[in-house]
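Trainee: Take this structure first; my questions come after.
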Amino acid sequence: MMAALFAARAGAETTLLERNEKLGKKLYITGKGRCNVTNTAENPLRSIVRNPRFLYAALAHFSSADLRGLLERYGCPTKEERGGRVFPCSDKASDVTRALERALREAGVRVLFHARVDSPQALPAHGAVVLATGGASYPATGSTGDGYALAAALGHTVLPPRPSLVPLLTREDWPCTLQGLALRNVRLSARLGKKTRFDELGEMLFTHFGISGPLVLSMSSHILDDDFGALDVRLDLKPGLTPEQTEKRLLRDWSESPRKRLSSLLPQLLPARLAALAPGLCGLDPDAPVGQISRQDRLRLAAWLKAVPLPVRGTRPLEEAIVTRGGVDVREVLPGTMMSRLREGLFFAGELLDVDAHTGGYNLQIAFSTGALAGQSAAEWAAGTA
């Protein structure tokens with residue numbers, strides 16, 4: 001939609017070929033239906049995991065502020081929430097799509113529905129073409145990987161699509177027994193040997209298969225290329241305390257109620273369901289009076305609270321990923337225009353490219369920005385060759 005809009009605004013006769021029965025089908029499921037359209041971060045490149053430098057020109061061409069201005073102009077004002085996340089004021093993803101539809105109508109874009117392009121021969125012989133077919137996650141929305149086949153048939157290198165921003169499977173079963181439990185203000189880290197792959201504070205969720213939530217999704221984009229068997233993933237349940245402070249907190253609580261059982265006091269520190277599992281995971285007797293627990297065992301529990309092991313064994317399938325890693329090799333695309341280095345008049349935008357970022361609106365902004373740049377560049381190229 002953004003590519004078509006900017007192409008038309010630049011004076012090109014523009015047709016948008018949409019394989020679905022309506023526009024913006026994937027937008028409807030973003031942000032749990034609220035559509036986290038962008039992020040106000042001063043430097044969004046820091047949140048882009050794959051090929052951030054490639055996106056410099058696109059993000060400069062059409063920024064987060066530009067997007068918010070465009071949406072407001074067409075009847076969809078936005079609001080900023082925690083972490084710089086931007087949503088429509090209505091909390092309805094459909095309002096974002098409607099605003100873009102109004103913009104397309106005003107610009108004179110012709111939209112053809114149920115128009116699936118399945119071979120290069122179906123592409124127009126004259127003028128410019130922008131491929132903006134998305135990745136391969138959530139295929140029910142139309143992202144079935146068609147663009148990869150088209151790009152490859154046109155001579156481009158396509159890096160294998162893989163899931164990114166995806167829930168993780170755990171090797172142990174105990175996280176699965178906590179299905180539905182959400183943790184806030186915890187720290188999740190991942191190390192490979194001596195190298196820290198990820199270390200952030202935030203929220204996470206236990207599921208029937210392992211772990212998910214914002215922290216886990218962000219971590220997944222940093223560890224996809226790692227050997228999961230060698231990865232050391234840890235959960236800090238008390239990031240505001242040092243190990244020494246954690247042990248002192250335990251000692252203080254236990255000194256006040258030395259006859260109480262360990263299982264009775266742990267819910268003061270942890271959610272009840274997690275507190276019930278903690279003694280067993282630490283090798284402690286849940287029925288032991290805390291006054292009889294040795295300092296060595298108390299130190300062991302304090303250490304566990306600061307570094308709960310969460311060994312992972314893999315990811316959920318690509319179909320369940322928020323975005324796709326892989327796609328058209330950006331080394332074969334001009335970053336200043338989004339035009340192919342291999343074939344003049346061919347442009348790329350969005351998730352079809354090998355770029356991906358953290359959660360928080362960054363991936364949608366990448367789509368909007370690369371679309372705007374590709375569309376305008378395509379129109380200018382077509383005008384210059386007419």
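Every chain in the structure tokens takes a letter, A first, then B, and so on in the order presented; its residues are numbered from 1, and the ligands are numbered from 1 following the presented order.
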Please provide the set of residues having any atom within 8 Å of segment 128-144 of chain A, restricted to only C-alpha atoms, with same-chain residues fewer than 3 positions apart removed, written as a ChimeraX atom specification.
Mentor: /A:3,19-20,25-26,123-124,147,161,163,318-324,327,345-352,371,374-375,378-379,381-382
Trainee: Excluding segment 294-300 of chain A and residues on its chain fewer than 5 positions from it, collect all residues at most 8 Å away from it, counting only C-alpha atoms, and give them as number ranges by chain.
Mentor: A: 247, 250-251, 282, 284
Trainee: Taking a cut-off of 10 Å and counting only C-alpha atoms, can you build a table that, for each residue of segment 19-64 of chain A near segment 205-228 of chain A, reports the nearest atom pair and how far apart they are in Å (one decimal), sorted by chain then residue number, as CSV?
Mentor:
residue,atom,partner,partner_atom,distance
A:Ser47,CA,A:Ser218,CA,9.6
A:Ile48,CA,A:Ser221,CA,9.7
A:Val49,CA,A:Ser221,CA,7.0
A:Arg50,CA,A:Ser221,CA,8.8
Trainee: Write out as a ChimeraX atom specification all residues of segment 26-220 of chain A that DSSP puts in strand (DSSP E or B) for this structure's backbone.
Mentor: /A:38-39,48-50,78-80,85-88,110-112,129-131,158-164,168-170,182-192,195-206,210-212
Trainee: Which residues come within 6 Å of Leu188 of chain A, counting only C-alpha atoms, excluding same-chain residues fewer than 6 positions away, as a list in words?
Mentor: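 These residues fall inside the cut-off: Asp199, Glu200, Arg234 and Leu235 of chain A.
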Trainee: With only C-alpha atoms as the basis for distance, which of A:Leu55, A:Pro258, A:Gly291, A:Val109 is at the shortest distance from Ala7 of chain A?
Mentor: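 With only C-alpha atoms as the atom set, the closest residue is A:Val109.
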Trainee: Report the distance between atom CA of Leu353 of chain A and atom CA of Ala383 of chain A in Å, rounded to one decimal place.
Mentor: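 These two atoms are separated by 25.0 Å.
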Trainee: Report as a list in words: the residues of segment 59-101 of chain A with a DSSP assignment of helix (DSSP H, G or I), based on the backbone of this structure.
Mentor: Leu59, Ala60, His61, Ser64, Ala65, Asp66, Leu67, Arg68, Gly69, Leu70, Leu71, Glu72, Arg73, Arg82, Gly83, Gly84, Ala93, Ser94, Asp95, Val96, Thr97, Arg98, Ala99, Leu100 and Glu101 of chain A
Trainee: Keeping only N, CA and C atoms, take the residues you just selected and write them out as a PDB file, in the first residue's frame.
Mentor:
ATOM      1  N   LEU A  59      14.627   4.722   6.199  1.00  0.00           N
ATOM      2  CA  LEU A  59      14.075   5.307   7.421  1.00  0.00           C
ATOM      3  C   LEU A  59      14.215   6.816   7.433  1.00  0.00           C
ATOM      4  N   ALA A  60      15.246   7.331   6.775  1.00  0.00           N
ATOM      5  CA  ALA A  60      15.403   8.780   6.663  1.00  0.00           C
ATOM      6  C   ALA A  60      14.384   9.353   5.679  1.00  0.00           C
ATOM      7  N   HIS A  61      14.076   8.584   4.643  1.00  0.00           N
ATOM      8  CA  HIS A  61      13.125   9.036   3.618  1.00  0.00           C
ATOM      9  C   HIS A  61      11.714   9.140   4.176  1.00  0.00           C
ATOM     10  N   SER A  64       9.170   7.654  11.362  1.00  0.00           N
ATOM     11  CA  SER A  64       8.038   7.395  12.242  1.00  0.00           C
ATOM     12  C   SER A  64       7.116   8.611  12.315  1.00  0.00           C
ATOM     13  N   ALA A  65       7.708   9.786  12.422  1.00  0.00           N
ATOM     14  CA  ALA A  65       6.905  11.018  12.478  1.00  0.00           C
ATOM     15  C   ALA A  65       6.138  11.225  11.172  1.00  0.00           C
ATOM     16  N   ASP A  66       6.767  10.915  10.050  1.00  0.00           N
ATOM     17  CA  ASP A  66       6.093  11.032   8.748  1.00  0.00           C
ATOM     18  C   ASP A  66       4.885  10.107   8.689  1.00  0.00           C
ATOM     19  N   LEU A  67       5.053   8.892   9.182  1.00  0.00           N
ATOM     20  CA  LEU A  67       3.961   7.922   9.163  1.00  0.00           C
ATOM     21  C   LEU A  67       2.797   8.401  10.019  1.00  0.00           C
ATOM     22  N   ARG A  68       3.098   8.882  11.216  1.00  0.00           N
ATOM     23  CA  ARG A  68       2.040   9.344  12.107  1.00  0.00           C
ATOM     24  C   ARG A  68       1.289  10.520  11.491  1.00  0.00           C
ATOM     25  N   GLY A  69       2.041  11.400  10.820  1.00  0.00           N
ATOM     26  CA  GLY A  69       1.405  12.535  10.155  1.00  0.00           C
ATOM     27  C   GLY A  69       0.483  12.092   9.034  1.00  0.00           C
ATOM     28  N   LEU A  70       0.922  11.108   8.263  1.00  0.00           N
ATOM     29  CA  LEU A  70       0.107  10.606   7.155  1.00  0.00           C
ATOM     30  C   LEU A  70      -1.173   9.961   7.675  1.00  0.00           C
ATOM     31  N   LEU A  71      -1.049   9.125   8.706  1.00  0.00           N
ATOM     32  CA  LEU A  71      -2.227   8.456   9.252  1.00  0.00           C
ATOM     33  C   LEU A  71      -3.226   9.462   9.817  1.00  0.00           C
ATOM     34  N   GLU A  72      -2.722  10.480  10.496  1.00  0.00           N
ATOM     35  CA  GLU A  72      -3.632  11.481  11.071  1.00  0.00           C
ATOM     36  C   GLU A  72      -4.354  12.252   9.972  1.00  0.00           C
ATOM     37  N   ARG A  73      -3.630  12.567   8.911  1.00  0.00           N
ATOM     38  CA  ARG A  73      -4.238  13.302   7.791  1.00  0.00           C
ATOM     39  C   ARG A  73      -5.419  12.534   7.211  1.00  0.00           C
ATOM     40  N   ARG A  82       4.026   2.983  26.373  1.00  0.00           N
ATOM     41  CA  ARG A  82       5.284   2.592  27.005  1.00  0.00           C
ATOM     42  C   ARG A  82       6.256   2.015  25.980  1.00  0.00           C
ATOM     43  N   GLY A  83       7.527   2.400  26.132  1.00  0.00           N
ATOM     44  CA  GLY A  83       8.559   1.896  25.248  1.00  0.00           C
ATOM     45  C   GLY A  83       8.555   2.530  23.866  1.00  0.00           C
ATOM     46  N   GLY A  84       7.857   3.666  23.721  1.00  0.00           N
ATOM     47  CA  GLY A  84       7.822   4.349  22.430  1.00  0.00           C
ATOM     48  C   GLY A  84       6.898   3.707  21.421  1.00  0.00           C
ATOM     49  N   ALA A  93      -6.780  -1.881  14.579  1.00  0.00           N
ATOM     50  CA  ALA A  93      -5.909  -2.014  13.413  1.00  0.00           C
ATOM     51  C   ALA A  93      -6.647  -1.652  12.131  1.00  0.00           C
ATOM     52  N   SER A  94      -7.954  -1.906  12.103  1.00  0.00           N
ATOM     53  CA  SER A  94      -8.739  -1.622  10.894  1.00  0.00           C
ATOM     54  C   SER A  94      -8.713  -0.144  10.529  1.00  0.00           C
ATOM     55  N   ASP A  95      -8.540   0.731  11.527  1.00  0.00           N
ATOM     56  CA  ASP A  95      -8.501   2.168  11.232  1.00  0.00           C
ATOM     57  C   ASP A  95      -7.225   2.557  10.477  1.00  0.00           C
ATOM     58  N   VAL A  96      -6.139   1.822  10.724  1.00  0.00           N
ATOM     59  CA  VAL A  96      -4.899   2.069   9.981  1.00  0.00           C
ATOM     60  C   VAL A  96      -5.108   1.709   8.511  1.00  0.00           C
ATOM     61  N   THR A  97      -5.707   0.557   8.281  1.00  0.00           N
ATOM     62  CA  THR A  97      -5.973   0.132   6.905  1.00  0.00           C
ATOM     63  C   THR A  97      -6.905   1.112   6.202  1.00  0.00           C
ATOM     64  N   ARG A  98      -7.952   1.557   6.897  1.00  0.00           N
ATOM     65  CA  ARG A  98      -8.899   2.495   6.283  1.00  0.00           C
ATOM     66  C   ARG A  98      -8.219   3.808   5.909  1.00  0.00           C
ATOM     67  N   ALA A  99      -7.323   4.269   6.769  1.00  0.00           N
ATOM     68  CA  ALA A  99      -6.602   5.511   6.458  1.00  0.00           C
ATOM     69  C   ALA A  99      -5.757   5.356   5.198  1.00  0.00           C
ATOM     70  N   LEU A 100      -5.086   4.213   5.087  1.00  0.00           N
ATOM     71  CA  LEU A 100      -4.260   3.979   3.902  1.00  0.00           C
ATOM     72  C   LEU A 100      -5.124   3.804   2.654  1.00  0.00           C
ATOM     73  N   GLU A 101      -6.281   3.197   2.809  1.00  0.00           N
ATOM     74  CA  GLU A 101      -7.207   3.070   1.674  1.00  0.00           C
ATOM     75  C   GLU A 101      -7.674   4.436   1.192  1.00  0.00           C
TER      76      GLU A 101
END
Trainee: Between atom CA of Tyr74 of chain A and atom CA of Ala12 of chain A, measure the distance and give it in Å to one decimal.
Mentor: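 That distance, rounded to one decimal, is 21.1 Å.
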Trainee: Between atom CA of Lys306 of chain A and atom CA of Ala278 of chain A, what is the distance in Å, rounded to a tenth?
Mentor: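 If I compute the distance from atom CA of Lys306 of chain A to atom CA of Ala278 of chain A, I get 12.3 Å.
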Trainee: For Lys260 of chain A, please output as a PyMOL selection string all residues within 7 Å (counting only C-alpha atoms; exclusion window: fewer than 3 positions along the same chain).
Mentor: chain A and resi 257+264+289-290
Trainee: Write to file, as a compact mmCIF listing (two decimals), in the first residue's frame, the residues of the selection just made, with N, CA, C and O atoms.
Mentor:
# COMPACT_ATOMS: atom_id res chain seq x y z
N SER A 257 10.00 -15.54 60.75
CA SER A 257 9.07 -16.69 60.86
C SER A 257 9.84 -18.00 60.73
O SER A 257 9.65 -18.76 59.77
N SER A 264 5.52 -22.10 52.47
CA SER A 264 4.61 -21.04 52.92
C SER A 264 5.21 -19.65 52.72
O SER A 264 4.47 -18.67 52.55
N PRO A 289 11.03 -26.43 57.85
CA PRO A 289 10.95 -25.11 58.50
C PRO A 289 12.17 -24.28 58.07
O PRO A 289 13.30 -24.78 58.07
N VAL A 290 11.93 -23.03 57.74
CA VAL A 290 13.03 -22.23 57.17
C VAL A 290 14.14 -22.02 58.18
O VAL A 290 15.31 -21.83 57.81
Trainee: Can you work out which one of A:Thr30, A:Gln268, A:Ser255, A:Thr242 has the shortest atom-to-atom distance to Gln292 of chain A, counting only C-alpha atoms?
Mentor: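 Between A:Thr30, A:Gln268, A:Ser255, A:Thr242, the residue approaching Gln292 of chain A most closely is A:Ser255.
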Trainee: Would you mind telling me which residue in A:Ile29, A:Met338, A:Val355, A:Ala103 lies nearest to Thr370 of chain A when using only C-alpha atoms?
Mentor: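 Using only C-alpha atoms, the shortest distance to Thr370 of chain A belongs to A:Met338.
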